[in-house]
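See structure below.
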Amino acid sequence: QVQVVESGGGSVQAGGSLRLSCAASASGYIYRRYYMGWFRQAPGKEREGVACIHSDGSTKYADSVKGRFTVSQDNAKNTLYLQMNSLKFEDTAMYFCAADPNLRQWVGHFVSRPAVAAWGQGTLVTVSS
């Protein structure tokens with residue numbers, strides 16, 4: 001069983017930066033085999049898979065954030081991060097941390113809340129133009 005809790009959202013002007021954190025509670029077995037990642041959902045839109053990372057260090061990004069966002073993890077702290085730079089108005093959304101062995105398949109796609117092993121409660125990011 002795995003649980004995740006996000007933090008770090010807020011308001012920023014376009015061009016600014018924010019870092020989101022996600023604390024994961026899981027056994028080492030799960031943590032080593034699951035993808036950890038980020039989704040976002042803007043009002044009236046489906047959930048978009050933004051980025052993910054595996055314990056082996058492999059990552060995947062949606063084209064919409066590639067080159068601006070960086071996903072990383074601190075394995076010792078079981079914490080996932082999303083560094084967001086050069087933020088745009090269209091990055092405004094609720095950001096959700098998620099964990100699932102198959103999470104990678106949804107990154108880069110809009111999906112209707114896939115049945116992943118764990119969702120966080122979400123943290124709001126607002127970018128003003």
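Just remember, in the structure tokens the first chain shown is A, the second B, etc., residues are 1-based per chain, and ligands are 1-based in the order shown.
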
Please provide the set of residues having any atom within 8 Å of region 22-28 of chain A, restricted to only C-alpha atoms, with same-chain residues fewer than 3 positions apart removed, written as a ChimeraX atom specification.
-> /A:1-7,31-32,77-81,97

In terms of only C-alpha atoms, the residue from A:Tyr35, A:Ala62, A:Thr92, A:Gln41 at minimal distance from Gly122 (chain A) is A:Gln41

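With only C-alpha atoms as the atoms that count, the minimum distance from Arg33 (chain A) to the choices A:Gly57, A:Gly120, A:Pro114, A:Gly9 is reached by A:Gly57.
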
For Pro101 (chain A), which of A:Val12, A:Ala115, A:Leu82, A:Ala76 is the closest residue, counting only C-alpha atoms?
-> A:Ala115

Which distance in Å separates CA of Val107 (chain A) and CA of Gly37 (chain A), to one decimal?
->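 It comes out at 8.5 Å.
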
Nearest residue to Ile30 (chain A) from the set A:Val127, A:Ala117, A:Thr59, A:Ser64 (distances using only C-alpha atoms) =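 Using only C-alpha atoms, the shortest distance to Ile30 (chain A) belongs to A:Ala117.
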
May I ask which of the residues A:Tyr29, A:Phe69, A:Phe96, A:Tyr61 is the closest one to Trp119 (chain A), counting only C-alpha atoms?
-> A:Phe96

Enumerate the residues of chain A with a DSSP assignment of strand (DSSP E or B), computed from the backbone, and present them as a PyMOL selection string.
-> chain A and resi 3-7+10-13+18-25+35-41+47-54+59-61+69-74+79-84+93-100+107+110-111+118-119+123-128

Between CA of Tyr95 (chain A) and CA of Val125 (chain A), what is the spacing in Å?
-> 7.0 Å

Rank nothing, just name the residue among A:Asp56, A:Glu48, A:Glu90, A:Asp74 nearest to Gly15 (chain A), using only C-alpha atoms.
->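 Closest to Gly15 (chain A), using only C-alpha atoms: A:Glu90.
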
Between CA of Ser86 (chain A) and CA of Leu20 (chain A), what is the distance, to one decimal in Å?
-> 14.5 Å

Find the residues around His109 (chain A) up to 10 Å (only C-alpha atoms counted), leave out those fewer than 2 positions away in its own chain, and share them as a ChimeraX atom specification.
-> /A:39,46-50,62-63,105-107,111-112

Shell around Leu18 (chain A) at 7 Å using only C-alpha atoms, local window under 5 positions removed, as a ChimeraX atom specification | /A:83-85
